[in-house]
>>> print(open('target_12.cif').read())   # mmCIF, C-alpha atoms
data_entry
loop_
_atom_site.group_PDB
_atom_site.id
_atom_site.type_symbol
_atom_site.label_atom_id
_atom_site.label_comp_id
_atom_site.auth_asym_id
_atom_site.auth_seq_id
_atom_site.Cartn_x
_atom_site.Cartn_y
_atom_site.Cartn_z
ATOM 1 C CA ILE A 1 -22.928 11.875 80.502
ATOM 2 C CA PHE A 2 -24.889 9.245 78.584
ATOM 3 C CA ASP A 3 -28.661 8.837 78.641
ATOM 4 C CA ARG A 4 -27.986 5.119 78.167
ATOM 5 C CA PRO A 5 -25.021 2.852 78.877
ATOM 6 C CA PRO A 6 -22.138 3.247 76.394
ATOM 7 C CA THR A 7 -22.613 -0.366 75.350
ATOM 8 C CA ALA A 8 -25.957 0.619 73.842
ATOM 9 C CA LEU A 9 -24.302 2.965 71.357
ATOM 10 C CA ARG A 10 -24.499 1.738 67.805
ATOM 11 C CA PRO A 11 -21.117 1.158 66.143
ATOM 12 C CA LEU A 12 -20.240 3.176 63.049
ATOM 13 C CA PRO A 13 -20.783 1.318 59.773
ATOM 14 C CA PRO A 14 -17.628 -0.349 58.453
ATOM 15 C CA ALA A 15 -15.829 1.833 55.966
ATOM 16 C CA ALA A 16 -14.033 0.626 52.901
ATOM 17 C CA LYS A 17 -10.332 1.389 52.897
ATOM 18 C CA PRO A 18 -9.962 4.830 51.306
ATOM 19 C CA THR A 19 -7.499 5.507 48.579
ATOM 20 C CA LYS A 20 -5.914 8.887 47.867
ATOM 21 C CA THR A 21 -6.915 8.608 44.208
ATOM 22 C CA MET A 22 -10.583 8.699 45.260
ATOM 23 C CA VAL A 23 -11.042 12.158 46.761
ATOM 24 C CA LEU A 24 -14.014 14.218 47.855
ATOM 25 C CA TYR A 25 -13.012 17.703 48.946
ATOM 26 C CA VAL A 26 -15.579 19.381 51.193
ATOM 27 C CA ILE A 27 -14.588 23.029 51.066
ATOM 28 C CA GLY A 28 -15.812 25.936 53.157
ATOM 29 C CA LEU A 29 -16.237 29.178 51.222
ATOM 30 C CA GLY A 30 -16.535 31.552 54.164
ATOM 31 C CA LEU A 31 -19.230 34.190 54.524
ATOM 32 C CA GLY A 32 -18.586 36.851 51.903
ATOM 33 C CA ASP A 33 -17.988 36.331 48.202
ATOM 34 C CA GLU A 34 -15.779 34.342 45.832
ATOM 35 C CA ARG A 35 -12.619 35.878 47.353
ATOM 36 C CA ASP A 36 -13.197 34.362 50.785
ATOM 37 C CA VAL A 37 -12.085 30.865 49.788
ATOM 38 C CA THR A 38 -8.771 29.852 51.385
ATOM 39 C CA LEU A 39 -5.671 29.258 49.258
ATOM 40 C CA ARG A 40 -5.810 25.570 50.182
ATOM 41 C CA GLY A 41 -9.472 25.454 49.188
ATOM 42 C CA LEU A 42 -8.808 27.180 45.872
ATOM 43 C CA ASP A 43 -5.998 24.740 45.108
ATOM 44 C CA ALA A 44 -8.350 21.794 45.752
ATOM 45 C CA ILE A 45 -11.049 23.307 43.515
ATOM 46 C CA LYS A 46 -8.586 23.733 40.658
ATOM 47 C CA LYS A 47 -7.499 20.064 41.021
ATOM 48 C CA SER A 48 -11.085 18.772 40.971
ATOM 49 C CA ASP A 49 -12.720 17.140 37.965
ATOM 50 C CA ARG A 50 -16.198 18.263 39.075
ATOM 51 C CA VAL A 51 -17.261 21.064 41.405
ATOM 52 C CA PHE A 52 -20.625 21.129 43.202
ATOM 53 C CA LEU A 53 -22.025 24.054 45.187
ATOM 54 C CA GLU A 54 -24.507 23.412 48.007
ATOM 55 C CA MET A 55 -26.732 26.490 48.157
ATOM 56 C CA TYR A 56 -29.702 25.699 50.368
ATOM 57 C CA THR A 57 -28.257 25.857 53.902
ATOM 58 C CA SER A 58 -26.765 29.326 53.282
ATOM 59 C CA ILE A 59 -25.950 31.842 50.538
ATOM 60 C CA LEU A 60 -23.032 34.010 49.430
ATOM 61 C CA SER A 61 -23.170 37.631 48.300
ATOM 62 C CA CYS A 62 -22.108 36.624 44.781
ATOM 63 C CA ASP A 63 -23.670 34.393 42.143
ATOM 64 C CA VAL A 64 -22.484 31.162 40.537
ATOM 65 C CA THR A 65 -21.111 32.944 37.452
ATOM 66 C CA GLU A 66 -18.735 34.980 39.616
ATOM 67 C CA LEU A 67 -17.539 31.803 41.345
ATOM 68 C CA GLU A 68 -16.884 30.127 37.984
ATOM 69 C CA GLN A 69 -14.908 33.096 36.697
ATOM 70 C CA PHE A 70 -12.772 33.277 39.842
ATOM 71 C CA TYR A 71 -12.144 29.513 40.104
ATOM 72 C CA GLY A 72 -11.778 28.879 36.387
ATOM 73 C CA LYS A 73 -14.123 25.896 36.794
ATOM 74 C CA LYS A 74 -17.708 25.028 35.938
ATOM 75 C CA VAL A 75 -19.776 24.959 39.130
ATOM 76 C CA GLU A 76 -22.808 22.671 39.376
ATOM 77 C CA VAL A 77 -25.496 23.807 41.827
ATOM 78 C CA ALA A 78 -26.575 21.016 44.190
ATOM 79 C CA ASP A 79 -30.034 21.740 45.567
ATOM 80 C CA ARG A 80 -31.610 20.218 48.661
ATOM 81 C CA ASN A 81 -32.923 17.166 46.834
ATOM 82 C CA CYS A 82 -29.502 16.478 45.324
ATOM 83 C CA VAL A 83 -27.629 16.818 48.620
ATOM 84 C CA GLU A 84 -30.086 14.970 50.855
ATOM 85 C CA SER A 85 -31.724 12.398 48.555
ATOM 86 C CA GLU A 86 -29.284 12.005 45.660
ATOM 87 C CA ALA A 87 -25.929 12.415 47.398
ATOM 88 C CA GLU A 88 -24.614 9.497 45.354
ATOM 89 C CA SER A 89 -24.524 11.829 42.339
ATOM 90 C CA ILE A 90 -21.842 13.802 44.219
ATOM 91 C CA ILE A 91 -19.959 10.837 45.692
ATOM 92 C CA GLU A 92 -19.963 8.576 42.610
ATOM 93 C CA PRO A 93 -17.721 10.814 40.425
ATOM 94 C CA ALA A 94 -15.088 10.729 43.192
ATOM 95 C CA LYS A 95 -14.670 6.978 42.820
ATOM 96 C CA GLY A 96 -11.874 5.619 40.692
ATOM 97 C CA ASP A 97 -9.388 8.357 39.866
ATOM 98 C CA GLY A 98 -11.892 11.206 40.178
ATOM 99 C CA LYS A 99 -11.568 14.257 42.379
ATOM 100 C CA VAL A 100 -14.755 16.076 43.372
ATOM 101 C CA ALA A 101 -15.200 19.319 45.282
ATOM 102 C CA LEU A 102 -18.341 20.065 47.276
ATOM 103 C CA LEU A 103 -18.436 23.774 48.088
ATOM 104 C CA VAL A 104 -20.223 24.840 51.255
ATOM 105 C CA VAL A 105 -20.993 28.399 52.362
ATOM 106 C CA GLY A 106 -19.366 29.013 55.744
ATOM 107 C CA ASP A 107 -17.644 25.964 57.245
ATOM 108 C CA PRO A 108 -18.351 22.363 56.129
ATOM 109 C CA VAL A 109 -18.946 20.885 59.581
ATOM 110 C CA CYS A 110 -21.610 23.312 60.823
ATOM 111 C CA ALA A 111 -24.544 21.427 59.246
ATOM 112 C CA THR A 112 -25.521 17.767 59.690
ATOM 113 C CA THR A 113 -26.257 17.551 55.953
ATOM 114 C CA HIS A 114 -22.555 17.803 55.146
ATOM 115 C CA THR A 115 -21.573 15.417 57.934
ATOM 116 C CA ASP A 116 -23.900 12.823 56.418
ATOM 117 C CA ILE A 117 -22.214 13.118 53.012
ATOM 118 C CA ILE A 118 -18.779 12.804 54.626
ATOM 119 C CA LEU A 119 -19.816 9.606 56.434
ATOM 120 C CA ARG A 120 -21.371 8.091 53.300
ATOM 121 C CA ALA A 121 -18.315 8.869 51.196
ATOM 122 C CA ARG A 122 -15.973 7.298 53.756
ATOM 123 C CA THR A 123 -18.182 4.204 53.916
ATOM 124 C CA GLU A 124 -17.771 3.829 50.150
ATOM 125 C CA GLY A 125 -13.989 4.078 50.333
ATOM 126 C CA VAL A 126 -13.678 7.673 49.150
ATOM 127 C CA HIS A 127 -10.954 9.730 50.825
ATOM 128 C CA VAL A 128 -12.533 12.894 52.266
ATOM 129 C CA GLU A 129 -10.603 16.094 52.813
ATOM 130 C CA VAL A 130 -12.387 18.828 54.768
ATOM 131 C CA ILE A 131 -11.082 22.360 54.255
ATOM 132 C CA HIS A 132 -12.391 24.748 56.879
ATOM 133 C CA ASN A 133 -13.343 28.403 56.648
ATOM 134 C CA ALA A 134 -15.119 31.133 58.603
ATOM 135 C CA SER A 135 -18.705 30.473 59.679
ATOM 136 C CA VAL A 136 -21.478 32.339 61.455
ATOM 137 C CA MET A 137 -20.699 30.244 64.548
ATOM 138 C CA GLY A 138 -17.443 32.147 64.964
ATOM 139 C CA ALA A 139 -18.252 35.430 63.240
ATOM 140 C CA ALA A 140 -21.105 36.052 65.680
ATOM 141 C CA GLY A 141 -18.428 36.811 68.274
ATOM 142 C CA TYR A 142 -17.698 40.066 66.454
ATOM 143 C CA CYS A 143 -20.805 41.559 68.061
ATOM 144 C CA GLY A 144 -18.915 41.587 71.361
ATOM 145 C CA LEU A 145 -20.378 38.564 73.124
ATOM 146 C CA GLN A 146 -17.654 36.085 74.085
ATOM 147 C CA LEU A 147 -18.010 32.772 72.251
ATOM 148 C CA TYR A 148 -17.189 30.682 75.313
ATOM 149 C CA ASN A 149 -20.235 32.217 77.040
ATOM 150 C CA PHE A 150 -22.644 30.714 74.477
ATOM 151 C CA GLY A 151 -24.764 27.639 75.153
ATOM 152 C CA GLN A 152 -26.731 25.526 72.670
ATOM 153 C CA THR A 153 -27.310 27.059 69.233
ATOM 154 C CA VAL A 154 -30.953 27.016 68.133
ATOM 155 C CA SER A 155 -32.763 27.278 64.810
ATOM 156 C CA ILE A 156 -35.878 29.430 64.457
ATOM 157 C CA PRO A 157 -38.145 28.006 61.718
ATOM 158 C CA PHE A 158 -40.795 29.996 59.861
ATOM 159 C CA PHE A 159 -44.233 29.699 61.467
ATOM 160 C CA ASP A 160 -47.228 29.037 59.248
ATOM 161 C CA ASP A 161 -50.946 28.522 59.849
ATOM 162 C CA ALA A 162 -50.584 24.789 60.489
ATOM 163 C CA TRP A 163 -47.127 24.544 62.074
ATOM 164 C CA ARG A 164 -45.782 26.825 64.805
ATOM 165 C CA PRO A 165 -42.990 24.812 66.475
ATOM 166 C CA THR A 166 -41.274 26.203 69.561
ATOM 167 C CA SER A 167 -38.699 23.494 70.270
ATOM 168 C CA PHE A 168 -36.124 26.297 70.517
ATOM 169 C CA TYR A 169 -37.838 27.723 73.609
ATOM 170 C CA PRO A 170 -36.652 25.223 76.276
ATOM 171 C CA LYS A 171 -33.097 25.404 74.904
ATOM 172 C CA ILE A 172 -33.051 29.188 75.258
ATOM 173 C CA LYS A 173 -34.479 28.813 78.769
ATOM 174 C CA TYR A 174 -31.769 26.275 79.634
ATOM 175 C CA ASN A 175 -29.014 28.523 78.292
ATOM 176 C CA ARG A 176 -30.215 31.620 80.100
ATOM 177 C CA GLY A 177 -30.729 29.625 83.283
ATOM 178 C CA GLY A 178 -26.977 29.008 83.224
ATOM 179 C CA GLY A 179 -26.177 32.592 82.306
ATOM 180 C CA MET A 180 -25.274 31.603 78.721
ATOM 181 C CA HIS A 181 -26.020 33.415 75.480
ATOM 182 C CA THR A 182 -28.000 31.738 72.676
ATOM 183 C CA LEU A 183 -27.112 32.022 68.993
ATOM 184 C CA CYS A 184 -30.285 31.812 66.890
ATOM 185 C CA LEU A 185 -29.899 30.692 63.273
ATOM 186 C CA LEU A 186 -32.846 31.907 61.213
ATOM 187 C CA ASP A 187 -34.768 29.860 58.685
ATOM 188 C CA ILE A 188 -33.967 29.741 54.971
ATOM 189 C CA LYS A 189 -36.431 28.456 52.385
ATOM 190 C CA VAL A 190 -34.843 27.790 48.990
ATOM 191 C CA LYS A 191 -36.445 25.805 46.179
ATOM 192 C CA GLU A 192 -39.422 24.803 48.307
ATOM 193 C CA PRO A 193 -42.088 22.955 46.262
ATOM 194 C CA ASP A 194 -45.336 24.743 45.450
ATOM 195 C CA PHE A 195 -47.798 22.050 46.513
ATOM 196 C CA GLU A 196 -50.805 23.858 45.029
ATOM 197 C CA ALA A 197 -49.114 23.868 41.623
ATOM 198 C CA MET A 198 -48.133 20.219 42.051
ATOM 199 C CA MET A 199 -51.772 19.317 42.677
ATOM 200 C CA ARG A 200 -52.495 20.818 39.255
ATOM 201 C CA GLY A 201 -49.792 18.621 37.752
ATOM 202 C CA LYS A 202 -47.152 21.351 37.488
ATOM 203 C CA THR A 203 -43.646 21.278 38.930
ATOM 204 C CA LYS A 204 -43.122 24.689 40.472
ATOM 205 C CA PHE A 205 -41.057 26.130 43.305
ATOM 206 C CA LEU A 206 -41.839 28.962 45.670
ATOM 207 C CA PRO A 207 -39.653 32.100 45.680
ATOM 208 C CA PRO A 208 -36.733 31.961 48.161
ATOM 209 C CA ARG A 209 -37.459 33.267 51.657
ATOM 210 C CA PHE A 210 -34.946 34.283 54.291
ATOM 211 C CA MET A 211 -36.071 34.960 57.842
ATOM 212 C CA SER A 212 -35.302 38.439 59.131
ATOM 213 C CA VAL A 213 -34.402 39.423 62.675
ATOM 214 C CA ASN A 214 -37.789 41.176 62.750
ATOM 215 C CA THR A 215 -39.729 37.981 62.038
ATOM 216 C CA ALA A 216 -37.589 36.031 64.491
ATOM 217 C CA CYS A 217 -38.394 38.565 67.231
ATOM 218 C CA GLU A 218 -42.112 38.337 66.471
ATOM 219 C CA GLN A 219 -42.016 34.545 66.750
ATOM 220 C CA LEU A 220 -39.887 34.590 69.902
ATOM 221 C CA ILE A 221 -42.371 36.987 71.519
ATOM 222 C CA GLU A 222 -45.220 34.668 70.504
ATOM 223 C CA ALA A 223 -43.358 31.666 71.960
ATOM 224 C CA GLU A 224 -42.965 33.424 75.326
ATOM 225 C CA GLN A 225 -46.642 34.366 75.323
ATOM 226 C CA LYS A 226 -47.498 30.736 74.642
ATOM 227 C CA HIS A 227 -45.247 29.068 77.236
ATOM 228 C CA LYS A 228 -45.120 31.813 79.887
ATOM 229 C CA GLU A 229 -42.076 30.227 81.581
ATOM 230 C CA GLY A 230 -39.931 33.361 81.645
ATOM 231 C CA ALA A 231 -37.196 32.055 79.351
ATOM 232 C CA TYR A 232 -36.686 35.702 78.375
ATOM 233 C CA ASN A 233 -38.511 39.003 78.639
ATOM 234 C CA PRO A 234 -39.280 40.649 75.266
ATOM 235 C CA SER A 235 -39.242 44.065 76.955
ATOM 236 C CA THR A 236 -35.995 43.798 78.919
ATOM 237 C CA THR A 237 -33.819 40.879 77.752
ATOM 238 C CA LEU A 238 -30.892 42.181 75.730
ATOM 239 C CA CYS A 239 -30.511 40.689 72.251
ATOM 240 C CA VAL A 240 -28.234 41.344 69.278
ATOM 241 C CA GLY A 241 -29.480 41.358 65.692
ATOM 242 C CA MET A 242 -26.860 40.599 63.027
ATOM 243 C CA ALA A 243 -27.085 40.800 59.247
ATOM 244 C CA ARG A 244 -24.640 39.746 56.518
ATOM 245 C CA LEU A 245 -21.851 38.784 58.918
ATOM 246 C CA GLY A 246 -18.455 38.706 57.249
ATOM 247 C CA GLN A 247 -19.479 41.085 54.469
ATOM 248 C CA GLU A 248 -18.497 44.723 54.021
ATOM 249 C CA ASP A 249 -22.011 45.975 54.769
ATOM 250 C CA GLN A 250 -22.673 43.793 57.820
ATOM 251 C CA ARG A 251 -25.005 45.319 60.392
ATOM 252 C CA ILE A 252 -25.059 44.601 64.140
ATOM 253 C CA ILE A 253 -27.541 46.236 66.527
ATOM 254 C CA ALA A 254 -28.238 45.468 70.194
ATOM 255 C CA GLY A 255 -31.618 45.962 71.837
ATOM 256 C CA THR A 256 -34.615 44.142 73.276
ATOM 257 C CA MET A 257 -36.865 41.998 71.074
ATOM 258 C CA GLU A 258 -39.519 44.700 71.205
ATOM 259 C CA GLU A 259 -36.951 47.226 69.941
ATOM 260 C CA LEU A 260 -35.295 45.050 67.290
ATOM 261 C CA VAL A 261 -38.624 43.996 65.784
ATOM 262 C CA ASN A 262 -38.848 47.444 64.139
ATOM 263 C CA VAL A 263 -35.225 47.804 62.973
ATOM 264 C CA ASP A 264 -34.420 47.549 59.256
ATOM 265 C CA PHE A 265 -31.470 45.143 58.999
ATOM 266 C CA GLY A 266 -31.485 45.072 55.205
ATOM 267 C CA GLU A 267 -30.708 42.132 52.953
ATOM 268 C CA PRO A 268 -30.166 38.537 54.189
ATOM 269 C CA LEU A 269 -28.708 36.542 55.782
ATOM 270 C CA HIS A 270 -29.709 37.428 59.346
ATOM 271 C CA CYS A 271 -29.088 35.801 62.712
ATOM 272 C CA MET A 272 -29.458 36.945 66.300
ATOM 273 C CA ALA A 273 -28.211 36.318 69.801
ATOM 274 C CA ILE A 274 -30.245 36.292 73.000
ATOM 275 C CA CYS A 275 -28.016 37.367 75.849
ATOM 276 C CA GLY A 276 -27.552 35.561 79.134
ATOM 277 C CA GLU A 277 -25.349 37.214 81.751
ATOM 278 C CA VAL A 278 -23.511 40.056 80.049
ATOM 279 C CA HIS A 279 -20.089 40.879 81.450
ATOM 280 C CA GLU A 280 -18.608 44.370 81.595
ATOM 281 C CA LEU A 281 -16.284 43.900 78.609
ATOM 282 C CA GLU A 282 -19.102 42.418 76.533
ATOM 283 C CA MET A 283 -21.369 45.369 77.357
ATOM 284 C CA GLU A 284 -18.600 47.766 76.381
ATOM 285 C CA MET A 285 -18.284 46.068 72.979
ATOM 286 C CA LEU A 286 -22.071 45.989 72.476
ATOM 287 C CA SER A 287 -22.268 49.704 73.267
ATOM 288 C CA ALA A 288 -19.388 50.692 70.969
#
>>> encode(input="target_12.cif", output="structure tokens")
Amino acid sequence: IFDRPPTALRPLPPAAKPTKTMVLYVIGLGLGDERDVTLRGLDAIKKSDRVFLEMYTSILSCDVTELEQFYGKKVEVADRNCVESEAESIIEPAKGDGKVALLVVGDPVCATTHTDIILRARTEGVHVEVIHNASVMGAAGYCGLQLYNFGQTVSIPFFDDAWRPTSFYPKIKYNRGGGMHTLCLLDIKVKEPDFEAMMRGKTKFLPPRFMSVNTACEQLIEAEQKHKEGAYNPSTTLCVGMARLGQEDQRIIAGTMEELVNVDFGEPLHCMAICGEVHELEMEMLSA
């Protein structure tokens, strides 16, 4: 269903004819450590002249040094500014006879940032090969909730004194109104500028922050208190908190928001699901 006639859709920009000698591999690394890369992904990394790692939309449980040792390649970290504002520095080396690998935690097509790079590379005549891997979008099903019973995925951003957005609230309400579960992806702040230091003429970045299930529950409770539309009940609506999915020490606990807000889920990354209608088999898995 279109909000406007199909004729109003803008056509895609014309793409130069790609050549196989100009290759950008966009490779999913999965959710765990350096060993989670697929054999096809590892083969592409070893064939690449340059290897970039995007590390601001998610993180692995290992560091860059461990990746380099396992791949036998130097890995260049691409921060948010590089990926979003200076993507040409990734695409340009793939022109001519170059082969470039962009490594992405999880699966490459789960974030619009990576889709944008793929489109730009194709427009410039670079052949793009996407190599998929496990992502939180699929791994969340391990908690017991059936993936085909999920509605729109939402992001929960950190609140601060000046900005407390609740655009996720109507989406959760819509999902639950149809009996669907909601996967909540929790905010990550990596290499955020320290504006106070910048005002003093210094370039400085704030320490990384990763939203916990606890903080997400606090903000969700605040959103319900603000809107009062009954999208969910913090005291009775069943939720599932998940931490470090795909890793050996992953933790999954079901409970209400008021219960989960006090649970220690440990190290990042965290996500959570807000349940819609829970079927008997799902409840059995959640209770196991």
>>> residues_near_point(input="target_12.cif", point="(-31.5, 32.3, 68.7)", cutoff="10 Å", atoms="all atoms listed in the file", output="PDB file with C-alpha atoms, keeping the file's coordinate frame")
ATOM      1  CA  GLN A 152     -26.731  25.526  72.670  1.00  0.00           C
ATOM      2  CA  THR A 153     -27.310  27.059  69.233  1.00  0.00           C
ATOM      3  CA  VAL A 154     -30.953  27.016  68.133  1.00  0.00           C
ATOM      4  CA  SER A 155     -32.763  27.278  64.810  1.00  0.00           C
ATOM      5  CA  ILE A 156     -35.878  29.430  64.457  1.00  0.00           C
ATOM      6  CA  PHE A 168     -36.124  26.297  70.517  1.00  0.00           C
ATOM      7  CA  TYR A 169     -37.838  27.723  73.609  1.00  0.00           C
ATOM      8  CA  LYS A 171     -33.097  25.404  74.904  1.00  0.00           C
ATOM      9  CA  ILE A 172     -33.051  29.188  75.258  1.00  0.00           C
ATOM     10  CA  HIS A 181     -26.020  33.415  75.480  1.00  0.00           C
ATOM     11  CA  THR A 182     -28.000  31.738  72.676  1.00  0.00           C
ATOM     12  CA  LEU A 183     -27.112  32.022  68.993  1.00  0.00           C
ATOM     13  CA  CYS A 184     -30.285  31.812  66.890  1.00  0.00           C
ATOM     14  CA  LEU A 185     -29.899  30.692  63.273  1.00  0.00           C
ATOM     15  CA  LEU A 186     -32.846  31.907  61.213  1.00  0.00           C
ATOM     16  CA  VAL A 213     -34.402  39.423  62.675  1.00  0.00           C
ATOM     17  CA  ALA A 216     -37.589  36.031  64.491  1.00  0.00           C
ATOM     18  CA  CYS A 217     -38.394  38.565  67.231  1.00  0.00           C
ATOM     19  CA  LEU A 220     -39.887  34.590  69.902  1.00  0.00           C
ATOM     20  CA  CYS A 239     -30.511  40.689  72.251  1.00  0.00           C
ATOM     21  CA  VAL A 240     -28.234  41.344  69.278  1.00  0.00           C
ATOM     22  CA  GLY A 241     -29.480  41.358  65.692  1.00  0.00           C
ATOM     23  CA  CYS A 271     -29.088  35.801  62.712  1.00  0.00           C
ATOM     24  CA  MET A 272     -29.458  36.945  66.300  1.00  0.00           C
ATOM     25  CA  ALA A 273     -28.211  36.318  69.801  1.00  0.00           C
ATOM     26  CA  ILE A 274     -30.245  36.292  73.000  1.00  0.00           C
ATOM     27  CA  CYS A 275     -28.016  37.367  75.849  1.00  0.00           C
TER      28      CYS A 275
END
>>> resolve_selection(input="target_12.cif", expression="the PyMOL selection byres ((chain A and resi 173) around 10)", output="PyMOL selection string")
chain A and resi 168-172+174-180+182+229-232+276
>>> closest_residue(input="target_12.cif", among="A:Leu103, A:Gly144, A:Ile59, A:Glu192", to="Pro268 of chain A", atoms="all atoms listed in the file")
A:Ile59
>>> resolve_selection(input="target_12.cif", expression="the PyMOL selection byres ((chain A and resi 121) around 12)", output="VMD selection string")
chain A and resid 13 to 19 22 to 26 87 to 95 100 102 114 to 120 122 to 129
>>> closest_residue(input="target_12.cif", among="A:Arg209, A:His279, A:Arg35, A:His270", to="Val190 of chain A", atoms="only C-alpha atoms")
A:Arg209
>>> residues_near_point(input="target_12.cif", point="(-20.8, 19.8, 43.2)", cutoff="8 Å", atoms="all atoms listed in the file", output="ChimeraX atom specification")
/A:50-54,75-78,90,100-103
>>> closest_residue(input="target_12.cif", among="A:Ser135, A:Thr215, A:Gln247, A:Thr256", to="Ser235 of chain A", atoms="only C-alpha atoms")
A:Thr256
>>> atom_distance(input="target_12.cif", atom1="atom CA of Phe210 of chain A", atom2="atom CA of Met242 of chain A")
13.5 Å
>>> atom_distance(input="target_12.cif", atom1="atom CA of Met211 of chain A", atom2="atom CA of Phe265 of chain A")
11.2 Å
>>> atom_distance(input="target_12.cif", atom1="atom CA of Gly141 of chain A", atom2="atom CA of Thr237 of chain A")
18.5 Å
>>> resolve_selection(input="target_12.cif", expression="the PyMOL selection byres ((chain A and resi 285) around 12)", output="list of chain:residue names")
A:Gly141, A:Tyr142, A:Cys143, A:Gly144, A:Leu145, A:Gln146, A:Val240, A:Ile252, A:Ile253, A:Ala254, A:Val278, A:His279, A:Glu280, A:Leu281, A:Glu282, A:Met283, A:Glu284, A:Leu286, A:Ser287, A:Ala288
>>> closest_residue(input="target_12.cif", among="A:Pro157, A:Thr166, A:Gln69, A:Thr38", to="Gly106 of chain A", atoms="all atoms listed in the file")
A:Thr38
>>> closest_residue(input="target_12.cif", among="A:Ile221, A:Ile45, A:Val263, A:Leu31", to="Met137 of chain A", atoms="all atoms listed in the file")
A:Leu31
>>> residues_around(input="target_12.cif", residues="Asp249 of chain A", least_positions_apart="6", cutoff="10 Å", atoms="only C-alpha atoms", output="list in words")
Ala243, Gly266 and Glu267 of chain A
>>> axis_aligned_box(input="target_12.cif", around="segment 201-216 of chain A", padding_each_side="5 Å", output="AutoDock Vina command-line options")
--center_x -42.1 --center_y 29.9 --center_z 51.0 --size_x 25.4 --size_y 32.6 --size_z 37.0
>>> closest_residue(input="target_12.cif", among="A:Met198, A:Ala111, A:Ser212, A:Arg40", to="Arg244 of chain A", atoms="all atoms listed in the file")
A:Ser212
